[in-house]
$ cat coords.cif   # mmCIF, C-alpha atoms and all ligand atoms
data_coords
loop_
_atom_site.label_atom_id
_atom_site.label_comp_id
_atom_site.auth_asym_id
_atom_site.auth_seq_id
_atom_site.Cartn_x
_atom_site.Cartn_y
_atom_site.Cartn_z
CA MET A 264 19.39 226.11 214.49
CA SER A 265 20.62 226.20 210.90
CA ASN A 266 22.37 229.26 209.58
CA GLU A 267 21.01 228.81 206.05
CA HIS A 268 17.52 229.59 207.27
CA ASP A 269 18.65 232.38 209.52
CA ASP A 270 17.28 235.17 207.36
CA TYR A 271 15.77 238.13 209.07
CA ASP A 272 14.73 241.70 208.34
CA TYR A 273 15.49 243.16 211.74
CA LEU A 274 17.70 242.17 214.67
CA PHE A 275 16.75 243.66 218.02
CA LYS A 276 18.67 243.27 221.26
CA ILE A 277 16.50 242.81 224.34
CA VAL A 278 17.88 242.62 227.88
CA LEU A 279 16.44 240.84 230.90
CA ILE A 280 16.89 242.61 234.21
CA GLY A 281 15.56 242.24 237.74
CA ASP A 282 16.53 240.68 241.04
CA SER A 283 18.02 237.23 241.27
CA GLY A 284 15.36 234.51 241.48
CA VAL A 285 12.48 236.39 239.83
CA GLY A 286 12.52 234.02 236.84
CA LYS A 287 14.54 235.79 234.13
CA SER A 288 16.38 232.68 232.91
CA ASN A 289 13.19 230.66 232.78
CA ILE A 290 11.37 233.39 230.87
CA LEU A 291 14.22 233.22 228.34
CA SER A 292 14.25 229.42 228.11
CA ARG A 293 10.45 229.31 227.83
CA PHE A 294 10.46 231.84 224.99
CA THR A 295 13.43 230.50 223.02
CA ARG A 296 13.29 226.73 223.70
CA ASN A 297 9.90 226.16 225.34
CA GLU A 298 11.68 224.81 228.40
CA PHE A 299 11.22 225.39 232.12
CA SER A 300 13.47 224.30 234.99
CA VAL A 301 12.41 224.05 238.63
CA GLU A 302 15.99 224.49 239.77
CA SER A 303 17.56 227.88 239.90
CA LYS A 304 20.86 227.74 238.14
CA SER A 305 22.93 230.65 237.06
CA THR A 306 23.51 230.95 233.38
CA ILE A 307 26.98 229.71 232.64
CA GLY A 308 28.59 230.37 229.30
CA VAL A 309 25.42 231.57 227.62
CA GLU A 310 25.21 235.27 227.05
CA PHE A 311 22.08 235.38 224.97
CA ALA A 312 19.55 233.28 223.09
CA THR A 313 17.58 234.16 219.98
CA ARG A 314 14.18 233.58 218.46
CA SER A 315 12.66 235.02 215.33
CA ILE A 316 9.03 236.01 215.08
CA GLU A 317 6.98 237.59 212.30
CA ILE A 318 5.66 241.11 212.66
CA GLU A 319 3.73 242.68 209.82
CA LYS A 320 5.22 240.25 207.28
CA LYS A 321 8.78 240.99 208.43
CA VAL A 322 11.03 238.54 210.24
CA VAL A 323 12.16 240.09 213.47
CA LYS A 324 14.98 238.32 215.24
CA ALA A 325 15.18 238.93 218.98
CA GLN A 326 18.58 238.54 220.57
CA ILE A 327 17.76 238.25 224.25
CA TRP A 328 20.47 238.74 226.85
CA ASP A 329 20.34 237.09 230.25
CA THR A 330 22.55 237.79 233.23
CA ALA A 331 24.88 235.13 234.61
CA GLY A 332 23.99 236.01 238.18
CA GLN A 333 25.81 239.36 238.26
CA GLU A 334 22.54 240.98 239.34
CA ARG A 335 23.17 239.50 242.79
CA TYR A 336 26.13 241.82 243.20
CA ARG A 337 24.67 244.64 241.12
CA ALA A 338 27.66 244.12 238.85
CA ILE A 339 26.02 244.27 235.44
CA THR A 340 28.38 246.04 233.09
CA SER A 341 27.48 248.69 230.56
CA ALA A 342 28.28 246.19 227.76
CA TYR A 343 25.16 244.32 228.80
CA TYR A 344 22.96 247.33 228.04
CA ARG A 345 24.86 248.53 224.97
CA GLY A 346 22.70 248.50 221.85
CA ALA A 347 19.63 247.21 223.67
CA VAL A 348 16.38 248.51 222.20
CA GLY A 349 14.08 246.66 224.59
CA ALA A 350 14.04 245.37 228.15
CA LEU A 351 11.95 243.10 230.30
CA LEU A 352 12.16 244.48 233.84
CA VAL A 353 11.12 241.42 235.80
CA TYR A 354 9.84 241.18 239.37
CA ASP A 355 8.24 238.35 241.34
CA VAL A 356 4.55 238.98 242.16
CA THR A 357 4.97 237.02 245.41
CA LYS A 358 7.72 239.33 246.71
CA LYS A 359 7.54 242.90 247.83
CA GLY A 360 10.60 245.10 247.47
CA THR A 361 12.83 245.27 250.49
CA ALA A 362 15.40 247.97 249.90
CA ILE A 363 13.46 250.80 251.41
CA THR A 364 13.47 252.62 254.73
CA LYS A 365 10.70 252.61 257.31
CA GLU A 366 10.05 256.31 256.75
CA ILE A 367 9.36 255.85 253.07
CA LYS A 368 7.13 252.88 253.80
CA LEU A 369 4.85 255.19 255.76
CA ILE A 370 4.57 257.60 252.85
CA SER A 371 3.69 255.23 250.04
CA TYR A 372 2.61 251.65 249.91
CA SER A 373 3.33 251.26 246.22
CA LEU A 374 6.83 252.67 246.69
CA GLU A 375 7.55 249.85 249.08
CA THR A 376 6.21 247.30 246.64
CA PHE A 377 8.39 248.54 243.83
CA ALA A 378 11.59 249.32 245.70
CA ASP A 379 13.58 246.77 243.74
CA VAL A 380 11.94 247.60 240.44
CA GLU A 381 12.73 251.25 241.10
CA LYS A 382 16.39 250.39 241.52
CA TRP A 383 16.50 248.50 238.20
CA LEU A 384 14.62 251.22 236.40
CA ALA A 385 17.20 253.76 237.58
CA GLU A 386 19.96 251.45 236.39
CA LEU A 387 18.29 251.13 232.97
CA ARG A 388 17.81 254.87 232.64
CA ASP A 389 21.46 255.38 233.56
CA HIS A 390 22.98 252.80 231.24
CA ALA A 391 20.62 252.10 228.37
CA ASP A 392 19.44 254.14 225.41
CA SER A 393 16.87 256.71 226.47
CA LYS A 394 14.38 255.37 223.92
CA ILE A 395 14.56 251.76 225.14
CA VAL A 396 11.14 250.05 225.24
CA ILE A 397 10.53 248.63 228.73
CA MET A 398 8.04 245.94 229.70
CA LEU A 399 7.39 245.73 233.45
CA THR A 400 6.95 241.99 233.87
CA GLY A 401 5.26 240.53 236.97
CA ASN A 402 6.37 236.92 236.82
CA LYS A 403 5.13 233.82 238.74
CA CYS A 404 1.48 234.87 238.38
CA ASP A 405 0.64 231.14 238.73
CA LEU A 406 1.35 231.48 242.49
CA GLN A 407 -1.93 233.25 243.22
CA HIS A 408 -2.09 232.09 246.85
CA LEU A 409 1.32 233.66 247.55
CA ARG A 410 0.75 236.90 245.68
CA SER A 411 1.82 240.06 247.50
CA VAL A 412 1.91 242.60 244.66
CA THR A 413 -1.53 243.36 243.24
CA THR A 414 -2.10 243.75 239.51
CA GLN A 415 -3.61 247.16 240.16
CA ASP A 416 -0.59 248.51 242.05
CA ALA A 417 1.67 247.37 239.24
CA GLU A 418 -0.59 248.94 236.63
CA ILE A 419 -0.55 252.26 238.45
CA TYR A 420 3.22 252.14 238.79
CA ALA A 421 3.71 251.20 235.11
CA ALA A 422 1.45 254.04 233.98
CA LYS A 423 3.31 256.52 236.19
CA GLU A 424 6.69 255.43 234.83
CA ASP A 425 5.50 255.06 231.24
CA LEU A 426 6.23 251.32 231.03
CA LEU A 427 4.40 248.53 229.25
CA PHE A 428 3.05 245.99 231.73
CA LEU A 429 2.10 242.29 231.75
CA GLU A 430 1.95 239.56 234.35
CA THR A 431 3.57 236.31 233.22
CA SER A 432 4.18 232.74 234.25
CA ALA A 433 7.22 230.99 232.79
CA LEU A 434 5.96 227.84 234.52
CA ASN A 435 2.55 227.83 232.84
CA SER A 436 3.56 229.74 229.68
CA VAL A 437 1.27 232.65 230.44
CA ASN A 438 2.01 235.85 228.49
CA ILE A 439 5.65 234.90 227.78
CA ASP A 440 5.23 235.12 224.00
CA ALA A 441 2.90 238.10 224.42
CA ALA A 442 5.47 240.05 226.45
CA PHE A 443 8.21 239.67 223.83
CA GLN A 444 5.76 240.11 220.95
CA LYS A 445 4.54 243.40 222.39
CA VAL A 446 8.02 244.81 223.06
CA LEU A 447 9.23 243.77 219.59
CA SER A 448 6.13 245.24 217.92
CA VAL A 449 6.60 248.60 219.62
CA ILE A 450 10.32 248.63 218.68
CA HIS A 451 9.46 247.65 215.11
CA GLU A 452 6.89 250.42 214.86
CA VAL A 453 9.49 252.97 215.82
CA LYS A 454 12.36 251.56 213.74
CA ARG A 455 10.72 250.64 210.47
P1 LIG A 501 16.57 234.31 237.67
O1 LIG A 501 17.54 234.30 238.80
O2 LIG A 501 15.84 235.62 237.60
O3 LIG A 501 17.18 233.92 236.36
O4 LIG A 501 15.43 233.23 238.02
P2 LIG A 501 15.30 231.71 237.51
O5 LIG A 501 14.77 231.66 236.12
O6 LIG A 501 16.56 230.98 237.78
O7 LIG A 501 14.13 231.18 238.47
C1 LIG A 501 14.26 231.20 239.88
C2 LIG A 501 13.30 230.19 240.47
O8 LIG A 501 11.96 230.57 240.24
C3 LIG A 501 13.46 228.77 239.89
O9 LIG A 501 13.29 227.85 240.94
C4 LIG A 501 12.33 228.67 238.89
O10 LIG A 501 11.89 227.35 238.70
C5 LIG A 501 11.25 229.55 239.54
N1 LIG A 501 10.35 230.18 238.56
C6 LIG A 501 10.69 230.90 237.47
N2 LIG A 501 9.60 231.32 236.81
C7 LIG A 501 8.53 230.86 237.50
C8 LIG A 501 7.11 230.97 237.32
O11 LIG A 501 6.59 231.58 236.38
N3 LIG A 501 6.32 230.36 238.26
C9 LIG A 501 6.85 229.70 239.33
N4 LIG A 501 5.98 229.12 240.18
N5 LIG A 501 8.18 229.56 239.52
C10 LIG A 501 9.01 230.14 238.62
MG MG A 502 19.18 233.61 235.88
#

$ encode --input "coords.cif" --output "structure tokens"
Amino acid sequence: MSNEHDDYDYLFKIVLIGDSGVGKSNILSRFTRNEFSVESKSTIGVEFATRSIEIEKKVVKAQIWDTAGQERYRAITSAYYRGAVGALLVYDVTKKGTAITKEIKLISYSLETFADVEKWLAELRDHADSKIVIMLTGNKCDLQHLRSVTTQDAEIYAAKEDLLFLETSALNSVNIDAAFQKVLSVIHEVKR
């Protein structure tokens, strides 16, 4: 990328969060480099990647932060969230949440499904700006035969928590651009 052509009207920091293995790094590489990797490798040395898109005749540069595997130990620092105006809260549509007790399971099916998402949402609400725009992102929607979280359950949950929602596939490039575009548009609407 050349610096001479690096002109933009707005710079927005977006963070990727969610459990290890849900596809965060591949969502980032698909959006910024149009690349996908079948291997899971933790991000080493790279803190963020950028891509500029046009929104209402303005150049909006997204600076997207990825974890380097700290999510495995729930050791994401507050610096990660600092200044973030948007977030993709990513889960894997083939995996139900696990961190929930048997008692709660009996009360609500959708609570079980979103146990891990719930945990990340709490973390976001603790550490990030209260006005952060959040896209609940159900990744790996290409794996239809392995799906265990229905679109409808996710929609209900997103509506309840006031989140944007899309299902994506980093593998097949489904809704990856759309997810970032939507988050950036909503941020731009508020900030302009
Ligand atoms: P991260 O730990 O959240 O950063 O997840 P990664 O991006 O490293 O992906 C974990 C694994 O899931 C890798 O083996 C990826 O190839 C795979 N993966 C990521 N996105 C998709 C997707 O949309 N569809 C499928 N089928 N696999 C995916
Ligand atoms: Mg990763």

$ atom_distance --input "coords.cif" --atom1 "atom CA of Val322 of chain A" --atom2 "atom CA of Tyr271 of chain A"
4.9 Å

$ residues_near_ligand --input "coords.cif" --ligand "ligand MG 502 (chain A)" --cutoff "9 Å" --atoms "all atoms listed in the file" --output "JSON, numbers by chain"
{"A": [283, 284, 285, 286, 287, 288, 289, 303, 304, 305, 306, 329, 330, 331, 332, 334]}

$ residues_around --input "coords.cif" --residues "Glu298 of chain A" --least-positions-apart "6" --cutoff "9 Å" --atoms "all atoms listed in the file" --output "CSV table (one decimal) with C-alpha atoms, in the coordinates of the input"
chain,number,residue,atom,x,y,z
A,289,ASN,CA,13.2,230.7,232.8
A,290,ILE,CA,11.4,233.4,230.9
A,291,LEU,CA,14.2,233.2,228.3
A,292,SER,CA,14.2,229.4,228.1
A,433,ALA,CA,7.2,231.0,232.8
A,434,LEU,CA,6.0,227.8,234.5

$ residues_around --input "coords.cif" --residues "segment 341-345 of chain A" --least-positions-apart "2" --cutoff "7 Å" --atoms "only C-alpha atoms" --output "ChimeraX atom specification"
/A:278,339,347,390-391

$ residues_around --input "coords.cif" --residues "segment 393-402 of chain A" --least-positions-apart "6" --cutoff "10 Å" --atoms "all atoms listed in the file" --output "VMD selection string"
chain A and resid 277 to 281 285 to 287 290 344 346 to 357 380 384 387 412 to 414 417 to 418 420 to 421 424 to 434 437 to 439 442 to 443 445 to 447 449 to 450 453

$ closest_residue --input "coords.cif" --among "A:Thr313, A:Phe299, A:Phe377, A:Leu409" --to "Asn435 of chain A" --atoms "only C-alpha atoms"
A:Phe299

$ atom_distance --input "coords.cif" --atom1 "atom CA of Gln326 of chain A" --atom2 "atom CA of Phe275 of chain A"
6.0 Å

$ closest_residue --input "coords.cif" --among "A:Val301, A:Ala422, A:Ala378, A:Cys404" --to "ligand LIG 501 (chain A)" --atoms "all atoms listed in the file"
A:Val301

$ closest_residue --input "coords.cif" --among "A:Lys423, A:Arg455, A:Arg335, A:Lys324" --to "ligand LIG 501 (chain A)" --atoms "only C-alpha atoms and all ligand atoms"
A:Arg335

$ atom_distance --input "coords.cif" --atom1 "atom N3 of ligand LIG 501 (chain A)" --atom2 "atom CA of Ser315 of chain A"
24.2 Å

$ closest_residue --input "coords.cif" --among "A:Ile419, A:Ala325, A:Ile316, A:Leu406" --to "ligand LIG 501 (chain A)" --atoms "only C-alpha atoms and all ligand atoms"
A:Leu406

$ axis_aligned_box --input "coords.cif" --around "ligand LIG 501 (chain A)" --padding-each-side "3 Å" --output "AutoDock Vina command-line options"
--center_x 11.8 --center_y 231.5 --center_z 238.5 --size_x 17.6 --size_y 14.3 --size_z 10.8

$ closest_residue --input "coords.cif" --among "A:Ala441, A:Lys454, A:Lys358, A:Tyr273" --to "Lys320 of chain A" --atoms "only C-alpha atoms"
A:Tyr273

$ closest_residue --input "coords.cif" --among "A:His451, A:Lys403, A:Glu381, A:Glu302" --to "Leu274 of chain A" --atoms "only C-alpha atoms"
A:His451

$ build_atoms --input "coords.cif" --residues "segment 315-337 of chain A" --atoms "N, CA and C atoms" --output "mmCIF file, keeping the file's coordinate frame"
data_model
loop_
_atom_site.group_PDB
_atom_site.id
_atom_site.type_symbol
_atom_site.label_atom_id
_atom_site.label_comp_id
_atom_site.auth_asym_id
_atom_site.auth_seq_id
_atom_site.Cartn_x
_atom_site.Cartn_y
_atom_site.Cartn_z
ATOM 1 N N SER A 315 13.231 234.123 216.330
ATOM 2 C CA SER A 315 12.660 235.020 215.330
ATOM 3 C C SER A 315 11.145 234.902 215.316
ATOM 4 N N ILE A 316 10.478 236.016 215.208
ATOM 5 C CA ILE A 316 9.030 236.010 215.080
ATOM 6 C C ILE A 316 8.643 236.918 213.898
ATOM 7 N N GLU A 317 7.412 236.764 213.424
ATOM 8 C CA GLU A 317 6.980 237.590 212.300
ATOM 9 C C GLU A 317 6.127 238.745 212.809
ATOM 10 N N ILE A 318 6.456 239.932 212.339
ATOM 11 C CA ILE A 318 5.660 241.110 212.660
ATOM 12 C C ILE A 318 5.392 241.863 211.372
ATOM 13 N N GLU A 319 4.143 241.994 211.056
ATOM 14 C CA GLU A 319 3.730 242.680 209.820
ATOM 15 C C GLU A 319 4.542 242.217 208.608
ATOM 16 N N LYS A 320 4.573 240.903 208.422
ATOM 17 C CA LYS A 320 5.220 240.250 207.280
ATOM 18 C C LYS A 320 6.739 240.410 207.239
ATOM 19 N N LYS A 321 7.320 240.901 208.329
ATOM 20 C CA LYS A 321 8.780 240.990 208.430
ATOM 21 C C LYS A 321 9.258 240.008 209.479
ATOM 22 N N VAL A 322 10.436 239.431 209.232
ATOM 23 C CA VAL A 322 11.030 238.540 210.240
ATOM 24 C C VAL A 322 11.879 239.370 211.194
ATOM 25 N N VAL A 323 11.455 239.340 212.430
ATOM 26 C CA VAL A 323 12.160 240.090 213.470
ATOM 27 C C VAL A 323 12.879 239.093 214.366
ATOM 28 N N LYS A 324 14.199 239.215 214.416
ATOM 29 C CA LYS A 324 14.980 238.320 215.240
ATOM 30 C C LYS A 324 15.310 239.007 216.571
ATOM 31 N N ALA A 325 14.885 238.373 217.658
ATOM 32 C CA ALA A 325 15.180 238.930 218.980
ATOM 33 C C ALA A 325 16.423 238.250 219.520
ATOM 34 N N GLN A 326 17.373 239.067 219.914
ATOM 35 C CA GLN A 326 18.580 238.540 220.570
ATOM 36 C C GLN A 326 18.443 238.940 222.036
ATOM 37 N N ILE A 327 18.131 237.939 222.870
ATOM 38 C CA ILE A 327 17.760 238.250 224.250
ATOM 39 C C ILE A 327 18.891 237.897 225.204
ATOM 40 N N TRP A 328 19.335 238.898 225.940
ATOM 41 C CA TRP A 328 20.470 238.740 226.850
ATOM 42 C C TRP A 328 19.998 238.449 228.256
ATOM 43 N N ASP A 329 20.646 237.465 228.867
ATOM 44 C CA ASP A 329 20.340 237.090 230.250
ATOM 45 C C ASP A 329 21.594 237.324 231.085
ATOM 46 N N THR A 330 21.400 237.596 232.346
ATOM 47 C CA THR A 330 22.550 237.790 233.230
ATOM 48 C C THR A 330 23.069 236.419 233.660
ATOM 49 N N ALA A 331 24.319 236.380 234.093
ATOM 50 C CA ALA A 331 24.880 235.130 234.610
ATOM 51 C C ALA A 331 24.968 235.209 236.131
ATOM 52 N N GLY A 332 24.018 235.891 236.725
ATOM 53 C CA GLY A 332 23.990 236.010 238.180
ATOM 54 C C GLY A 332 24.654 237.267 238.714
ATOM 55 N N GLN A 333 25.142 238.125 237.802
ATOM 56 C CA GLN A 333 25.810 239.360 238.260
ATOM 57 C C GLN A 333 24.841 240.290 238.981
ATOM 58 N N GLU A 334 23.519 240.089 238.726
ATOM 59 C CA GLU A 334 22.540 240.980 239.340
ATOM 60 C C GLU A 334 22.574 240.870 240.864
ATOM 61 N N ARG A 335 23.059 239.713 241.350
ATOM 62 C CA ARG A 335 23.170 239.500 242.790
ATOM 63 C C ARG A 335 24.108 240.517 243.432
ATOM 64 N N TYR A 336 25.127 240.890 242.675
ATOM 65 C CA TYR A 336 26.130 241.820 243.200
ATOM 66 C C TYR A 336 25.984 243.201 242.551
ATOM 67 N N ARG A 337 24.899 243.395 241.867
ATOM 68 C CA ARG A 337 24.670 244.640 241.120
ATOM 69 C C ARG A 337 25.895 244.976 240.266
#
